[in-house]
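**Q** Handing you a structure now.
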Number of protein chains: 4
Amino acid sequence: MMTDTKLPYNLKFVVRDYECDIQGVVNNANYQHFLEHARHEFLISKGVSFVELHNEGIDLIITRVEIEYKFPLKSRDEFIVTVNIQRDGNARILFIQDIFRLPDLKLIVKAKVTGVATKKGRPVPPGDLIIRLGL
Amino acid sequence: MMTDTKLPYNLKFVVRDYECDIQGVVNNANYQHFLEHARHEFLISKGVSFVELHNEGIDLIITRVEIEYKFPLKSRDEFIVTVNIQRDGNARILFIQDIFRLPDLKLIVKAKVTGVATKKGRPVPPGDLIIRLGL
Amino acid sequence: MMTDTKLPYNLKFVVRDYECDIQGVVNNANYQHFLEHARHEFLISKGVSFVELHNEGIDLIITRVEIEYKFPLKSRDEFIVTVNIQRDGNARILFIQDIFRLPDLKLIVKAKVTGVATKKGRPVPPGDLIIRLGL
Amino acid sequence: MMTDTKLPYNLKFVVRDYECDIQGVVNNANYQHFLEHARHEFLISKGVSFVELHNEGIDLIITRVEIEYKFPLKSRDEFIVTVNIQRDGNARILFIQDIFRLPDLKLIVKAKVTGVATKKGRPVPPGDLIIRLGL
């Protein structure tokens, strides 16, 4: 079993009733919301602010999302969303994210999210971003 | 029974599965989304664009919402959202909105939404807005 | 200024980016989600489970919502949602709810939410519910 | 350029303001809502009802989603979501879905969604489902 000390950056959530659908489980699209919120909090924890980047003319755009749904979350389940990053070539950043239910760390979702730094809509090497993220 | 010709401005929707919650009916907050979308389409039909207003320094802020939930909508129900407006003093605009299920026009929701025109965060007489809306 | 010790039941949240709209503030409908989640957690803290009630044939239906929007929340703002309850006649329960931004306790939203206990769709005195809530 | 007559099953939408986020474009998670709604309407058009399937003990579970984000949609953009299906082995059904903006049919999203028929939580050959879908 995994222990907390081995886990990468992670953010804790609890399922809210309005996030569940007719089947009584979290609606598939809402996992993307959880993944996004964890990524943003992760970036902020690394000193990367979307607003500041934007003011420097750089936007981080998501270009691809792959999600494997392993097991559904139910109302009031507690869970964590992890975030790991790695470079993917010159322009892309890969976010490797998992969702684990608490307290048993059952795997709920595995996700791979690809981001590209852009300037005026064109991909650019994510220079400063890479440096701040220590990649 | 009401006939279509007597109805005020209205917009047609169909309930999507993801808008329903564990109870199998539309989640209460989503009715507010439907009401908002109908108001925005109504304003655009009157030639009022939020973007243009904003460029003139005027924002229309919602300050109060009253919603009576009469009967729930289920997945795939078709419905219309109506919009009526009236002035309320110098600074406020009142949106009177109903939601009716189709085709039986059963009353689902009654709502009263208060908006205020603001300039730099302060209420102003909604001058141009009033004129464009013919109030 | 209010102090924490004077506050009624309250639940802490942080604004997530996806809850904000084009104006850069929390979309009006999302406050209903926050209010609902706080009510449900409040009821559970009082030993009232929707599932158990439902198995006893009782459903708590929201029939009316009044929300005053005082000041908008922005991305990453921290806030609390309070819950107070009182009886309103024989069949209705009133939830008095406020949203305060943290840490300055600025008033964001004032809400009054009316619930009715129903059995097979008909309003009933919320007997057991009233007792469990100590009303 | 594609013409309407060459398009597979498709459903028309218009972007609602509340579906857009701070960047002024549709939030990434909402595309999954659009894809889901189009799939459900597609299945119903083929005579497949989730409720009936469920009553026969069969549930169609989404196990994997791959989405490529090509270009963002903005408020009030009109668009279509297409649905194509194919078998993937004995247990899996693949939904190939695209989102095109109207009227220029600009490619917005490419998606591949994997579904599995399950009985009491275990994958089963989607027999009746396959027959009804003509696969």
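The chains in the structure tokens are called A, B, ... from first to last as shown; in each chain the residues are counted from 1, and the ligands are counted from 1 in the order shown.
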Which residues of chain D are close to chain A, meaning at most 12 Å apart when you count only C-alpha atoms, and how do they look as a ChimeraX atom specification?

**A** /D:21-23,25,27-37,50-51,54,59-72,108-116,121-122

**Q** Please give chain A as a tab-separated table (two decimals) with N, CA and C atoms, in the first residue's frame, after it has been superposed on chain D by least squares over all Cα atoms paired in order.

**A**
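result14.tsv was written with the following content:
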chain	number	residue	atom	x	y	z
A	1	MET	N	-14.06	21.40	-48.62
A	1	MET	CA	-14.92	21.62	-47.43
A	1	MET	C	-15.97	20.52	-47.30
A	2	MET	N	-16.26	20.16	-46.03
A	2	MET	CA	-17.26	19.12	-45.81
A	2	MET	C	-18.65	19.68	-46.09
A	3	THR	N	-19.52	18.80	-46.53
A	3	THR	CA	-20.91	19.22	-46.70
A	3	THR	C	-21.77	18.46	-45.71
A	4	ASP	N	-22.92	19.01	-45.41
A	4	ASP	CA	-23.80	18.42	-44.41
A	4	ASP	C	-24.15	16.97	-44.72
A	5	THR	N	-24.30	16.68	-46.00
A	5	THR	CA	-24.73	15.33	-46.36
A	5	THR	C	-23.66	14.29	-46.05
A	6	LYS	N	-22.41	14.72	-45.94
A	6	LYS	CA	-21.35	13.76	-45.64
A	6	LYS	C	-21.16	13.56	-44.14
A	7	LEU	N	-21.76	14.40	-43.33
A	7	LEU	CA	-21.55	14.32	-41.89
A	7	LEU	C	-22.28	13.12	-41.30
A	8	PRO	N	-21.65	12.46	-40.31
A	8	PRO	CA	-22.33	11.38	-39.59
A	8	PRO	C	-23.40	11.99	-38.66
A	9	TYR	N	-23.99	11.16	-37.80
A	9	TYR	CA	-24.97	11.66	-36.84
A	9	TYR	C	-24.38	12.88	-36.14
A	10	ASN	N	-25.15	13.94	-36.05
A	10	ASN	CA	-24.64	15.12	-35.34
A	10	ASN	C	-25.76	15.89	-34.67
A	11	LEU	N	-25.39	16.59	-33.62
A	11	LEU	CA	-26.35	17.34	-32.81
A	11	LEU	C	-25.84	18.78	-32.73
A	12	LYS	N	-26.77	19.73	-32.87
A	12	LYS	CA	-26.38	21.13	-32.89
A	12	LYS	C	-26.51	21.77	-31.49
A	13	PHE	N	-25.54	22.61	-31.14
A	13	PHE	CA	-25.54	23.32	-29.86
A	13	PHE	C	-25.21	24.78	-30.12
A	14	VAL	N	-25.44	25.60	-29.09
A	14	VAL	CA	-24.90	26.96	-29.09
A	14	VAL	C	-24.22	27.17	-27.73
A	15	VAL	N	-23.06	27.83	-27.72
A	15	VAL	CA	-22.35	28.05	-26.46
A	15	VAL	C	-23.13	29.03	-25.59
A	16	ARG	N	-23.33	28.65	-24.33
A	16	ARG	CA	-24.00	29.53	-23.36
A	16	ARG	C	-22.92	30.23	-22.53
A	17	ASP	N	-23.21	31.47	-22.13
A	17	ASP	CA	-22.19	32.24	-21.41
A	17	ASP	C	-21.64	31.51	-20.19
A	18	TYR	N	-22.52	30.80	-19.45
A	18	TYR	CA	-22.05	30.17	-18.21
A	18	TYR	C	-21.11	28.99	-18.48
A	19	GLU	N	-21.00	28.57	-19.73
A	19	GLU	CA	-20.09	27.48	-20.07
A	19	GLU	C	-18.67	27.99	-20.34
A	20	CYS	N	-18.51	29.30	-20.38
A	20	CYS	CA	-17.18	29.90	-20.63
A	20	CYS	C	-16.53	30.25	-19.30
A	21	ASP	N	-15.21	30.25	-19.28
A	21	ASP	CA	-14.51	30.58	-18.04
A	21	ASP	C	-13.76	31.91	-18.17
A	22	ILE	N	-12.86	32.17	-17.23
A	22	ILE	CA	-12.19	33.47	-17.16
A	22	ILE	C	-11.52	33.84	-18.47
A	23	GLN	N	-11.00	32.83	-19.21
A	23	GLN	CA	-10.31	33.10	-20.48
A	23	GLN	C	-11.28	33.51	-21.60
A	24	GLY	N	-12.59	33.48	-21.30
A	24	GLY	CA	-13.56	33.89	-22.32
A	24	GLY	C	-13.88	32.81	-23.33
A	25	VAL	N	-13.41	31.58	-23.06
A	25	VAL	CA	-13.69	30.45	-23.95
A	25	VAL	C	-14.32	29.32	-23.15
A	26	VAL	N	-14.91	28.36	-23.86
A	26	VAL	CA	-15.56	27.25	-23.18
A	26	VAL	C	-14.55	26.50	-22.32
A	27	ASN	N	-14.90	26.25	-21.06
A	27	ASN	CA	-14.03	25.50	-20.15
A	27	ASN	C	-13.85	24.07	-20.66
A	28	ASN	N	-12.61	23.56	-20.60
A	28	ASN	CA	-12.29	22.24	-21.17
A	28	ASN	C	-13.24	21.13	-20.76
A	29	ALA	N	-13.64	21.11	-19.50
A	29	ALA	CA	-14.50	20.02	-19.02
A	29	ALA	C	-15.86	20.04	-19.69
A	30	ASN	N	-16.33	21.22	-20.08
A	30	ASN	CA	-17.67	21.31	-20.66
A	30	ASN	C	-17.78	20.60	-22.02
A	31	TYR	N	-16.65	20.48	-22.73
A	31	TYR	CA	-16.71	19.72	-23.98
A	31	TYR	C	-17.13	18.27	-23.71
A	32	GLN	N	-16.73	17.73	-22.56
A	32	GLN	CA	-17.15	16.37	-22.21
A	32	GLN	C	-18.66	16.31	-22.03
A	33	HIS	N	-19.24	17.39	-21.47
A	33	HIS	CA	-20.70	17.45	-21.35
A	33	HIS	C	-21.36	17.42	-22.73
A	34	PHE	N	-20.80	18.19	-23.66
A	34	PHE	CA	-21.38	18.23	-25.01
A	34	PHE	C	-21.26	16.85	-25.68
A	35	LEU	N	-20.08	16.22	-25.53
A	35	LEU	CA	-19.86	14.91	-26.13
A	35	LEU	C	-20.83	13.88	-25.54
A	36	GLU	N	-21.01	13.93	-24.21
A	36	GLU	CA	-21.92	12.99	-23.54
A	36	GLU	C	-23.36	13.18	-24.02
A	37	HIS	N	-23.80	14.43	-24.07
A	37	HIS	CA	-25.19	14.68	-24.48
A	37	HIS	C	-25.43	14.19	-25.90
A	38	ALA	N	-24.45	14.41	-26.79
A	38	ALA	CA	-24.60	13.95	-28.18
A	38	ALA	C	-24.64	12.42	-28.23
A	39	ARG	N	-23.80	11.76	-27.43
A	39	ARG	CA	-23.82	10.28	-27.40
A	39	ARG	C	-25.17	9.76	-26.95
A	40	HIS	N	-25.70	10.35	-25.89
A	40	HIS	CA	-26.99	9.88	-25.36
A	40	HIS	C	-28.11	10.08	-26.37
A	41	GLU	N	-28.11	11.23	-27.02
A	41	GLU	CA	-29.15	11.49	-28.03
A	41	GLU	C	-28.98	10.54	-29.22
A	42	PHE	N	-27.72	10.26	-29.57
A	42	PHE	CA	-27.44	9.31	-30.64
A	42	PHE	C	-27.99	7.93	-30.30
A	43	LEU	N	-27.70	7.46	-29.08
A	43	LEU	CA	-28.15	6.12	-28.68
A	43	LEU	C	-29.68	6.05	-28.69
A	44	ILE	N	-30.31	7.11	-28.20
A	44	ILE	CA	-31.78	7.14	-28.19
A	44	ILE	C	-32.30	7.10	-29.63
A	45	SER	N	-31.60	7.80	-30.54
A	45	SER	CA	-32.03	7.79	-31.95
A	45	SER	C	-31.92	6.39	-32.56
A	46	LYS	N	-31.08	5.56	-31.92
A	46	LYS	CA	-30.90	4.18	-32.38
A	46	LYS	C	-31.81	3.22	-31.61
A	47	GLY	N	-32.66	3.78	-30.76
A	47	GLY	CA	-33.58	2.93	-30.01
A	47	GLY	C	-32.99	2.32	-28.75
A	48	VAL	N	-31.81	2.85	-28.32
A	48	VAL	CA	-31.18	2.34	-27.10
A	48	VAL	C	-31.49	3.27	-25.94
A	49	SER	N	-32.21	2.78	-24.96
A	49	SER	CA	-32.54	3.59	-23.79
A	49	SER	C	-31.75	3.10	-22.59
A	50	PHE	N	-31.04	4.03	-21.92
A	50	PHE	CA	-30.28	3.67	-20.73
A	50	PHE	C	-31.18	3.07	-19.65
A	51	VAL	N	-32.38	3.61	-19.54
A	51	VAL	CA	-33.30	3.15	-18.50
A	51	VAL	C	-33.71	1.70	-18.78
A	52	GLU	N	-34.06	1.41	-20.05
A	52	GLU	CA	-34.45	0.04	-20.41
A	52	GLU	C	-33.28	-0.92	-20.24
A	53	LEU	N	-32.10	-0.51	-20.74
A	53	LEU	CA	-30.91	-1.35	-20.58
A	53	LEU	C	-30.69	-1.66	-19.11
A	54	HIS	N	-30.79	-0.60	-18.29
A	54	HIS	CA	-30.58	-0.74	-16.85
A	54	HIS	C	-31.57	-1.74	-16.26
A	55	ASN	N	-32.82	-1.67	-16.73
A	55	ASN	CA	-33.84	-2.61	-16.24
A	55	ASN	C	-33.54	-4.03	-16.67
A	56	GLU	N	-32.81	-4.18	-17.79
A	56	GLU	CA	-32.38	-5.51	-18.22
A	56	GLU	C	-31.07	-5.90	-17.52
A	57	GLY	N	-30.60	-5.03	-16.62
A	57	GLY	CA	-29.39	-5.35	-15.84
A	57	GLY	C	-28.10	-4.93	-16.51
A	58	ILE	N	-28.20	-4.21	-17.64
A	58	ILE	CA	-27.00	-3.82	-18.37
A	58	ILE	C	-26.73	-2.32	-18.24
A	59	ASP	N	-25.50	-1.96	-17.90
A	59	ASP	CA	-25.11	-0.56	-17.85
A	59	ASP	C	-23.97	-0.31	-18.82
A	60	LEU	N	-23.99	0.82	-19.50
A	60	LEU	CA	-22.89	1.20	-20.40
A	60	LEU	C	-22.01	2.20	-19.65
A	61	ILE	N	-20.80	1.75	-19.33
A	61	ILE	CA	-19.88	2.54	-18.52
A	61	ILE	C	-18.78	3.10	-19.42
A	62	ILE	N	-18.44	4.36	-19.22
A	62	ILE	CA	-17.32	4.95	-19.96
A	62	ILE	C	-16.03	4.61	-19.21
A	63	THR	N	-15.07	4.00	-19.92
A	63	THR	CA	-13.83	3.59	-19.25
A	63	THR	C	-12.62	4.44	-19.67
A	64	ARG	N	-12.77	5.17	-20.78
A	64	ARG	CA	-11.62	5.92	-21.27
A	64	ARG	C	-12.10	7.06	-22.16
A	65	VAL	N	-11.47	8.23	-22.00
A	65	VAL	CA	-11.79	9.39	-22.84
A	65	VAL	C	-10.48	10.01	-23.31
A	66	GLU	N	-10.36	10.22	-24.62
A	66	GLU	CA	-9.22	10.95	-25.17
A	66	GLU	C	-9.76	12.15	-25.92
A	67	ILE	N	-9.31	13.34	-25.56
A	67	ILE	CA	-9.79	14.56	-26.21
A	67	ILE	C	-8.61	15.39	-26.70
A	68	GLU	N	-8.63	15.74	-27.98
A	68	GLU	CA	-7.66	16.71	-28.50
A	68	GLU	C	-8.36	18.04	-28.68
A	69	TYR	N	-7.82	19.06	-28.05
A	69	TYR	CA	-8.39	20.40	-28.15
A	69	TYR	C	-7.69	21.15	-29.27
A	70	LYS	N	-8.41	21.41	-30.38
A	70	LYS	CA	-7.80	22.00	-31.56
A	70	LYS	C	-7.96	23.52	-31.60
A	71	PHE	N	-9.11	24.00	-31.16
A	71	PHE	CA	-9.41	25.42	-31.23
A	71	PHE	C	-10.57	25.70	-30.27
A	72	PRO	N	-10.52	26.83	-29.55
A	72	PRO	CA	-11.55	27.06	-28.53
A	72	PRO	C	-12.85	27.63	-29.11
A	73	LEU	N	-13.96	27.31	-28.45
A	73	LEU	CA	-15.25	27.93	-28.77
A	73	LEU	C	-15.47	29.13	-27.85
A	74	LYS	N	-16.12	30.17	-28.39
A	74	LYS	CA	-16.42	31.36	-27.61
A	74	LYS	C	-17.93	31.48	-27.38
A	75	SER	N	-18.30	32.38	-26.50
A	75	SER	CA	-19.72	32.59	-26.19
A	75	SER	C	-20.55	32.76	-27.46
A	76	ARG	N	-21.67	32.04	-27.52
A	76	ARG	CA	-22.64	32.14	-28.59
A	76	ARG	C	-22.18	31.50	-29.91
A	77	ASP	N	-21.02	30.91	-29.94
A	77	ASP	CA	-20.64	30.12	-31.13
A	77	ASP	C	-21.64	28.97	-31.30
A	78	GLU	N	-22.02	28.71	-32.52
A	78	GLU	CA	-22.83	27.54	-32.82
A	78	GLU	C	-21.90	26.41	-33.24
A	79	PHE	N	-22.26	25.18	-32.90
A	79	PHE	CA	-21.39	24.06	-33.23
A	79	PHE	C	-22.19	22.76	-33.28
A	80	ILE	N	-21.60	21.76	-33.94
A	80	ILE	CA	-22.21	20.44	-33.94
A	80	ILE	C	-21.26	19.44	-33.31
A	81	VAL	N	-21.83	18.43	-32.69
A	81	VAL	CA	-21.06	17.32	-32.14
A	81	VAL	C	-21.47	16.08	-32.92
A	82	THR	N	-20.48	15.41	-33.54
A	82	THR	CA	-20.78	14.21	-34.32
A	82	THR	C	-20.57	12.96	-33.48
A	83	VAL	N	-21.21	11.86	-33.90
A	83	VAL	CA	-21.04	10.58	-33.21
A	83	VAL	C	-20.92	9.46	-34.25
A	84	ASN	N	-19.83	8.71	-34.18
A	84	ASN	CA	-19.65	7.49	-34.96
A	84	ASN	C	-19.31	6.38	-33.98
A	85	ILE	N	-19.77	5.15	-34.24
A	85	ILE	CA	-19.40	4.07	-33.33
A	85	ILE	C	-18.77	2.91	-34.07
A	86	GLN	N	-17.94	2.17	-33.36
A	86	GLN	CA	-17.41	0.92	-33.88
A	86	GLN	C	-17.11	-0.02	-32.72
A	87	ARG	N	-17.14	-1.33	-33.00
A	87	ARG	CA	-16.80	-2.30	-31.96
A	87	ARG	C	-15.30	-2.27	-31.74
A	88	ASP	N	-14.88	-2.60	-30.53
A	88	ASP	CA	-13.46	-2.70	-30.20
A	88	ASP	C	-13.31	-3.96	-29.36
A	89	GLY	N	-13.10	-5.09	-30.05
A	89	GLY	CA	-13.05	-6.37	-29.35
A	89	GLY	C	-14.45	-6.82	-28.98
A	90	ASN	N	-14.53	-7.70	-27.97
A	90	ASN	CA	-15.83	-8.28	-27.62
A	90	ASN	C	-16.65	-7.41	-26.68
A	91	ALA	N	-15.96	-6.67	-25.84
A	91	ALA	CA	-16.68	-5.99	-24.77
A	91	ALA	C	-16.78	-4.48	-24.95
A	92	ARG	N	-15.93	-3.93	-25.84
A	92	ARG	CA	-15.86	-2.47	-25.89
A	92	ARG	C	-16.55	-1.88	-27.12
A	93	ILE	N	-17.12	-0.69	-26.91
A	93	ILE	CA	-17.69	0.10	-28.00
A	93	ILE	C	-16.92	1.40	-28.04
A	94	LEU	N	-16.53	1.82	-29.25
A	94	LEU	CA	-15.76	3.04	-29.39
A	94	LEU	C	-16.64	4.12	-30.01
A	95	PHE	N	-16.69	5.26	-29.36
A	95	PHE	CA	-17.40	6.41	-29.92
A	95	PHE	C	-16.36	7.37	-30.48
A	96	ILE	N	-16.40	7.60	-31.78
A	96	ILE	CA	-15.50	8.56	-32.41
A	96	ILE	C	-16.30	9.84	-32.59
A	97	GLN	N	-15.86	10.90	-31.93
A	97	GLN	CA	-16.66	12.13	-31.92
A	97	GLN	C	-15.81	13.34	-32.28
A	98	ASP	N	-16.38	14.21	-33.08
A	98	ASP	CA	-15.74	15.49	-33.41
A	98	ASP	C	-16.68	16.63	-33.06
A	99	ILE	N	-16.09	17.77	-32.79
A	99	ILE	CA	-16.88	19.00	-32.63
A	99	ILE	C	-16.43	19.97	-33.71
A	100	PHE	N	-17.38	20.47	-34.49
A	100	PHE	CA	-17.11	21.46	-35.54
A	100	PHE	C	-17.89	22.73	-35.26
A	101	ARG	N	-17.22	23.86	-35.40
A	101	ARG	CA	-17.90	25.14	-35.28
A	101	ARG	C	-18.75	25.37	-36.51
A	102	LEU	N	-19.86	26.06	-36.36
A	102	LEU	CA	-20.71	26.45	-37.49
A	102	LEU	C	-20.54	27.94	-37.75
A	103	PRO	N	-20.70	28.41	-38.96
A	103	PRO	CA	-21.02	27.60	-40.14
A	103	PRO	C	-19.76	27.13	-40.89
A	104	ASP	N	-18.57	27.44	-40.40
A	104	ASP	CA	-17.36	27.16	-41.20
A	104	ASP	C	-16.80	25.76	-41.02
A	105	LEU	N	-17.45	24.94	-40.16
A	105	LEU	CA	-17.00	23.56	-39.90
A	105	LEU	C	-15.52	23.49	-39.48
A	106	LYS	N	-15.06	24.53	-38.80
A	106	LYS	CA	-13.70	24.50	-38.24
A	106	LYS	C	-13.66	23.42	-37.16
A	107	LEU	N	-12.59	22.60	-37.19
A	107	LEU	CA	-12.46	21.52	-36.21
A	107	LEU	C	-12.08	22.09	-34.84
A	108	ILE	N	-12.88	21.79	-33.84
A	108	ILE	CA	-12.68	22.31	-32.48
A	108	ILE	C	-12.10	21.24	-31.57
A	109	VAL	N	-12.70	20.06	-31.61
A	109	VAL	CA	-12.30	18.97	-30.72
A	109	VAL	C	-12.38	17.64	-31.46
A	110	LYS	N	-11.40	16.77	-31.24
A	110	LYS	CA	-11.47	15.38	-31.68
A	110	LYS	C	-11.48	14.50	-30.44
A	111	ALA	N	-12.42	13.56	-30.37
A	111	ALA	CA	-12.50	12.73	-29.16
A	111	ALA	C	-12.72	11.27	-29.50
A	112	LYS	N	-12.19	10.40	-28.61
A	112	LYS	CA	-12.38	8.95	-28.72
A	112	LYS	C	-12.81	8.50	-27.34
A	113	VAL	N	-14.03	7.96	-27.26
A	113	VAL	CA	-14.60	7.60	-25.96
A	113	VAL	C	-14.90	6.10	-25.96
A	114	THR	N	-14.35	5.39	-24.97
A	114	THR	CA	-14.52	3.93	-24.91
A	114	THR	C	-15.57	3.57	-23.87
A	115	GLY	N	-16.56	2.78	-24.29
A	115	GLY	CA	-17.60	2.31	-23.37
A	115	GLY	C	-17.58	0.80	-23.24
A	116	VAL	N	-17.98	0.32	-22.07
A	116	VAL	CA	-18.05	-1.12	-21.83
A	116	VAL	C	-19.43	-1.43	-21.25
A	117	ALA	N	-20.07	-2.46	-21.80
A	117	ALA	CA	-21.32	-2.91	-21.20
A	117	ALA	C	-21.00	-3.72	-19.96
A	118	THR	N	-21.70	-3.46	-18.87
A	118	THR	CA	-21.45	-4.21	-17.64
A	118	THR	C	-22.77	-4.75	-17.08
A	119	LYS	N	-22.66	-5.87	-16.39
A	119	LYS	CA	-23.79	-6.47	-15.68
A	119	LYS	C	-23.31	-6.66	-14.26
A	120	LYS	N	-23.98	-6.07	-13.30
A	120	LYS	CA	-23.54	-6.13	-11.89
A	120	LYS	C	-22.07	-5.75	-11.76
A	121	GLY	N	-21.65	-4.73	-12.52
A	121	GLY	CA	-20.29	-4.24	-12.37
A	121	GLY	C	-19.22	-4.99	-13.15
A	122	ARG	N	-19.59	-6.12	-13.82
A	122	ARG	CA	-18.60	-6.87	-14.58
A	122	ARG	C	-18.83	-6.67	-16.08
A	123	PRO	N	-17.74	-6.55	-16.85
A	123	PRO	CA	-17.89	-6.38	-18.30
A	123	PRO	C	-18.57	-7.60	-18.91
A	124	VAL	N	-19.50	-7.37	-19.80
A	124	VAL	CA	-20.14	-8.46	-20.53
A	124	VAL	C	-20.15	-8.11	-22.01
A	125	PRO	N	-20.23	-9.12	-22.90
A	125	PRO	CA	-20.39	-8.79	-24.31
A	125	PRO	C	-21.65	-7.94	-24.47
A	126	PRO	N	-21.56	-6.82	-25.17
A	126	PRO	CA	-22.68	-5.89	-25.21
A	126	PRO	C	-23.79	-6.33	-26.17
A	127	GLY	N	-23.94	-7.66	-26.28
A	127	GLY	CA	-24.90	-8.33	-27.16
A	127	GLY	C	-26.02	-7.48	-27.73
A	128	ASP	N	-27.09	-7.36	-26.99
A	128	ASP	CA	-28.28	-6.69	-27.47
A	128	ASP	C	-27.95	-5.27	-27.94
A	129	LEU	N	-27.03	-4.64	-27.21
A	129	LEU	CA	-26.63	-3.27	-27.52
A	129	LEU	C	-26.01	-3.23	-28.92
A	130	ILE	N	-25.11	-4.20	-29.18
A	130	ILE	CA	-24.44	-4.31	-30.47
A	130	ILE	C	-25.47	-4.48	-31.59
A	131	ILE	N	-26.44	-5.36	-31.33
A	131	ILE	CA	-27.46	-5.63	-32.34
A	131	ILE	C	-28.26	-4.37	-32.63
A	132	ARG	N	-28.71	-3.71	-31.57
A	132	ARG	CA	-29.53	-2.50	-31.77
A	132	ARG	C	-28.74	-1.40	-32.48
A	133	LEU	N	-27.41	-1.38	-32.23
A	133	LEU	CA	-26.60	-0.35	-32.87
A	133	LEU	C	-26.14	-0.77	-34.26
A	134	GLY	N	-26.45	-2.03	-34.62
A	134	GLY	CA	-26.11	-2.50	-35.97
A	134	GLY	C	-24.62	-2.65	-36.19
A	135	LEU	N	-23.89	-3.04	-35.15
A	135	LEU	CA	-22.43	-3.17	-35.27
A	135	LEU	C	-22.01	-4.59	-35.64

**Q** Could you give me the residues within range 22-99 of chain B that DSSP places in strand (DSSP E or B), as a ChimeraX atom specification?

**A** /B:25-26,58-69,74,78-88,92-99

**Q** Please return, as a PyMOL selection string, all residues of chain B that DSSP assigns to helix (DSSP H, G or I) on the basis of the backbone.

**A** chain B and resi 4-6+17-19+28-45+50-55+127-133
